[in-house]
Amino acid sequence: MEVVNKKDGNKNFMIIKGIEIDENDYKFKMLKNNNIENVIPIGLRVIDGEKQLYYNVTEYITVKAMFSRKKMSGKDLYNLIKDIKKLSKSTKEYLMDLNDFLFDINYVYINKKSGEYGFCYCPNDYEDVQQNMRNIFDSILECIDHNNKPAVLMAYGIQQITISDSYTVQDLYNCAVENYKEAKESTYKKKDREEFVKGVENIVINTEKNVVTKPYEEKKKSAQQHISDFGAAGRDCFRYAVYLTERTEGGCYRKL
């Protein structure tokens, strides 16, 4: 199998040469006659007696090229697995085989406008789908942002799954959903803690500014109301031992 890239006018094509394909095969006809989601548009040309598969990748960039510029985030990886699951569903609906698609970061594409992943149909007898998946996710370990918690959790979780010989695409998707959700919840909790501390600091500052104009009990009530409102908004304000203070006229601080 030989792969080349060619520009034809204002269109870009990836071309696969040296592959046997029956243009009357029902799978190929399915692709030609249906706009299947997440599948790169394909055509067949015969040049000098040689059959060549043409893929219109004008609006696409390969995964390898995309994430050599910027590292893959958890959201990027989650979307890849989600689109593989969608492709798996489509292949069953159209009586096709998931193993007839290329799972390689050099031949899996991302639509530059929508961000959706695109896959290339190419029937082959080299490896089964599980080995193909194992190969692509091994490669993706080098593409992820190792400072991005969702990406790390998903990538290494999926690598552990692909070691098995009996995993399914649904197993990969379940792992992605679980780890992505866990990492996002952890991130939100951290933001909530930061917002709470910042809110308390603002209360203290405002209390100091109003030391002359507000009576003591009124200031205390106002500060407590701020914290009550913060907790009512869903913030976990009971994890922290926070003391509100005010500055007295003598320059000293006392707890409210």
# chains A, B, ... in the order shown; residues from 1 in each chain; ligands from 1
$ residues_around --residues "A:Ile161" --least-positions-apart "5" --cutoff "8 Å" --atoms "only C-alpha atoms" --output "MDAnalysis selection string"
chainID A and resid 167 171:172
$ write_last_selection --atoms "C-alpha atoms" --output "PDB file, in the first residue's frame"
ATOM      1  CA  TYR A 167     -12.480  -5.382  24.753  1.00  0.00           C
ATOM      2  CA  ASP A 171     -15.550  -0.372  26.740  1.00  0.00           C
ATOM      3  CA  LEU A 172     -13.366   2.426  25.359  1.00  0.00           C
TER       4      LEU A 172
END
$ closest_residue --among "A:Gln131, A:Asn5, A:Thr62, A:Gln159" --to "A:Val108" --atoms "only C-alpha atoms"
A:Thr62
$ closest_residue --among "A:His146, A:Arg69, A:Lys27, A:Arg134" --to "A:Asp97" --atoms "only C-alpha atoms"
A:Lys27
$ closest_residue --among "A:Ile36, A:Gly43, A:Ile144, A:Leu53" --to "A:Glu2" --atoms "only C-alpha atoms"
A:Leu53
$ closest_residue --among "A:Ser88, A:Ser166, A:Asn148, A:Asn174" --to "A:Met72" --atoms "only C-alpha atoms"
A:Asn148
$ select_by_dssp --residues "stretch 12-214 of chain A" --states "helix (DSSP H, G or I)" --output "PyMOL selection string"
chain A and resi 26-33+63-69+74-93+98-100+129-140+149-162+169-209
$ atom_distance --atom1 "atom CA of A:Ser68" --atom2 "atom CA of A:Asn135"
17.8 Å
$ closest_residue --among "A:Lys64, A:Lys113, A:Lys75, A:Lys70" --to "A:Ala155" --atoms "only C-alpha atoms"
A:Lys75
$ residues_around --residues "A:Asn179" --least-positions-apart "3" --cutoff "8 Å" --atoms "only C-alpha atoms" --output "list in words"
Pro150, Leu153, Met154, Cys175, Ala176, Glu182 and Ala183 of chain A
$ residues_around --residues "A:Asp138" --least-positions-apart "2" --cutoff "10 Å" --atoms "only C-alpha atoms" --output "PyMOL selection string"
chain A and resi 132-136+140-143+155-156+158-159+162
$ residues_around --residues "A:Cys122" --least-positions-apart "2" --cutoff "10 Å" --atoms "only C-alpha atoms" --output "PyMOL selection string"
chain A and resi 16+19-21+28+42+53+99-102+119-120+124-125
$ write_last_selection --atoms "all heavy atoms" --output "compact mmCIF listing (two decimals), in the first residue's frame"
# COMPACT_ATOMS: atom_id res chain seq x y z
N ILE A 16 -4.46 6.36 -2.11
CA ILE A 16 -3.87 5.07 -1.75
C ILE A 16 -3.75 4.25 -3.03
O ILE A 16 -4.73 4.00 -3.74
CB ILE A 16 -4.74 4.32 -0.72
CG1 ILE A 16 -4.74 5.08 0.61
CG2 ILE A 16 -4.20 2.90 -0.51
CD1 ILE A 16 -5.51 4.40 1.71
N ILE A 19 -3.66 -1.23 -3.99
CA ILE A 19 -4.59 -1.98 -3.16
C ILE A 19 -5.67 -2.57 -4.04
O ILE A 19 -6.12 -1.96 -5.02
CB ILE A 19 -5.21 -1.07 -2.07
CG1 ILE A 19 -6.04 -1.90 -1.11
CG2 ILE A 19 -6.04 0.04 -2.69
CD1 ILE A 19 -6.46 -1.15 0.12
N GLU A 20 -6.06 -3.80 -3.75
CA GLU A 20 -7.09 -4.47 -4.52
C GLU A 20 -8.46 -4.10 -3.96
O GLU A 20 -8.70 -4.22 -2.76
CB GLU A 20 -6.90 -5.98 -4.47
CG GLU A 20 -5.65 -6.47 -5.20
CD GLU A 20 -5.70 -6.17 -6.69
OE1 GLU A 20 -6.81 -6.24 -7.27
OE2 GLU A 20 -4.64 -5.86 -7.27
N ILE A 21 -9.34 -3.62 -4.82
CA ILE A 21 -10.69 -3.28 -4.39
C ILE A 21 -11.67 -3.55 -5.53
O ILE A 21 -11.36 -3.28 -6.71
CB ILE A 21 -10.79 -1.82 -3.94
CG1 ILE A 21 -12.16 -1.54 -3.35
CG2 ILE A 21 -10.44 -0.86 -5.06
CD1 ILE A 21 -12.26 -0.22 -2.61
N PHE A 28 -18.33 -0.83 -0.85
CA PHE A 28 -17.86 0.34 -1.58
C PHE A 28 -19.03 1.12 -2.15
O PHE A 28 -19.05 2.36 -2.14
CB PHE A 28 -16.90 -0.10 -2.69
CG PHE A 28 -16.23 1.05 -3.38
CD1 PHE A 28 -15.24 1.78 -2.75
CD2 PHE A 28 -16.61 1.42 -4.67
CE1 PHE A 28 -14.62 2.85 -3.37
CE2 PHE A 28 -15.99 2.48 -5.30
CZ PHE A 28 -15.00 3.20 -4.66
N ILE A 42 -14.98 9.34 -0.53
CA ILE A 42 -14.04 8.47 -1.25
C ILE A 42 -14.43 8.34 -2.71
O ILE A 42 -15.61 8.43 -3.08
CB ILE A 42 -14.00 7.07 -0.58
CG1 ILE A 42 -12.91 6.20 -1.18
CG2 ILE A 42 -15.35 6.40 -0.67
CD1 ILE A 42 -12.74 4.86 -0.48
N LEU A 53 -7.50 4.73 -4.75
CA LEU A 53 -8.56 5.31 -3.92
C LEU A 53 -8.23 6.77 -3.65
O LEU A 53 -7.13 7.08 -3.17
CB LEU A 53 -8.69 4.53 -2.61
CG LEU A 53 -9.27 3.11 -2.72
CD1 LEU A 53 -9.23 2.42 -1.36
CD2 LEU A 53 -10.70 3.15 -3.25
N ASN A 99 -13.20 -2.90 10.84
CA ASN A 99 -11.81 -3.20 10.53
C ASN A 99 -11.43 -2.73 9.12
O ASN A 99 -10.24 -2.72 8.77
CB ASN A 99 -11.54 -4.71 10.65
CG ASN A 99 -10.06 -5.03 10.67
OD1 ASN A 99 -9.30 -4.40 11.40
ND2 ASN A 99 -9.64 -5.97 9.84
N ASP A 100 -12.42 -2.32 8.32
CA ASP A 100 -12.13 -1.82 6.98
C ASP A 100 -11.77 -0.34 6.97
O ASP A 100 -11.74 0.29 5.91
CB ASP A 100 -13.33 -2.06 6.05
CG ASP A 100 -13.50 -3.53 5.69
OD1 ASP A 100 -12.49 -4.26 5.72
OD2 ASP A 100 -14.63 -3.95 5.42
N PHE A 101 -11.52 0.22 8.15
CA PHE A 101 -11.13 1.62 8.26
C PHE A 101 -9.72 1.71 8.84
O PHE A 101 -9.28 0.84 9.60
CB PHE A 101 -12.11 2.39 9.13
CG PHE A 101 -13.46 2.59 8.47
CD1 PHE A 101 -14.41 1.59 8.52
CD2 PHE A 101 -13.75 3.75 7.78
CE1 PHE A 101 -15.64 1.74 7.90
CE2 PHE A 101 -14.97 3.93 7.16
CZ PHE A 101 -15.92 2.91 7.21
N LEU A 102 -9.01 2.75 8.46
CA LEU A 102 -7.63 2.94 8.92
C LEU A 102 -7.62 3.65 10.27
O LEU A 102 -8.10 4.78 10.39
CB LEU A 102 -6.85 3.76 7.90
CG LEU A 102 -6.69 3.14 6.51
CD1 LEU A 102 -6.02 4.13 5.56
CD2 LEU A 102 -5.89 1.84 6.58
N PHE A 119 -12.74 9.29 9.15
CA PHE A 119 -12.03 8.02 9.01
C PHE A 119 -12.07 7.56 7.56
O PHE A 119 -13.03 7.80 6.83
CB PHE A 119 -12.65 6.97 9.92
CG PHE A 119 -12.67 7.37 11.37
CD1 PHE A 119 -13.75 8.08 11.89
CD2 PHE A 119 -11.60 7.09 12.21
CE1 PHE A 119 -13.76 8.48 13.23
CE2 PHE A 119 -11.60 7.48 13.54
CZ PHE A 119 -12.69 8.19 14.04
N CYS A 120 -10.98 6.90 7.15
CA CYS A 120 -10.82 6.48 5.76
C CYS A 120 -11.12 5.00 5.58
O CYS A 120 -10.52 4.15 6.26
CB CYS A 120 -9.39 6.76 5.28
SG CYS A 120 -8.97 8.52 5.29
N ASN A 124 -8.63 -4.13 4.26
CA ASN A 124 -7.29 -4.72 4.35
C ASN A 124 -7.37 -6.01 5.16
O ASN A 124 -8.33 -6.27 5.88
CB ASN A 124 -6.31 -3.75 5.00
CG ASN A 124 -6.67 -3.44 6.44
OD1 ASN A 124 -6.37 -4.22 7.34
ND2 ASN A 124 -7.33 -2.31 6.70
N ASP A 125 -6.35 -6.79 5.02
CA ASP A 125 -6.28 -8.07 5.72
C ASP A 125 -5.07 -8.12 6.67
O ASP A 125 -4.56 -9.19 6.98
CB ASP A 125 -6.17 -9.22 4.71
CG ASP A 125 -7.36 -9.28 3.77
OD1 ASP A 125 -8.48 -9.11 4.27
OD2 ASP A 125 -7.16 -9.47 2.56
$ residues_around --residues "A:Val39" --least-positions-apart "3" --cutoff "12 Å" --atoms "only C-alpha atoms" --output "ChimeraX atom specification"
/A:30-32,34-36,42,55-57,60,83-84,86-88,90-91,98,100-102,107-111,116-122
$ atom_distance --atom1 "atom CA of A:Gln52" --atom2 "atom CA of A:Gly18"
7.2 Å
$ select_by_dssp --residues "stretch 89-159 of chain A" --states "strand (DSSP E or B)" --output "list in words"
Phe101, Tyr109, Ile110, Asn111, Tyr117, Gly118, Phe119, Tyr121 and Ile144 of chain A
$ closest_residue --among "A:Gly49, A:Gly9, A:Pro41, A:Gly74" --to "A:Asp145" --atoms "only C-alpha atoms"
A:Gly74
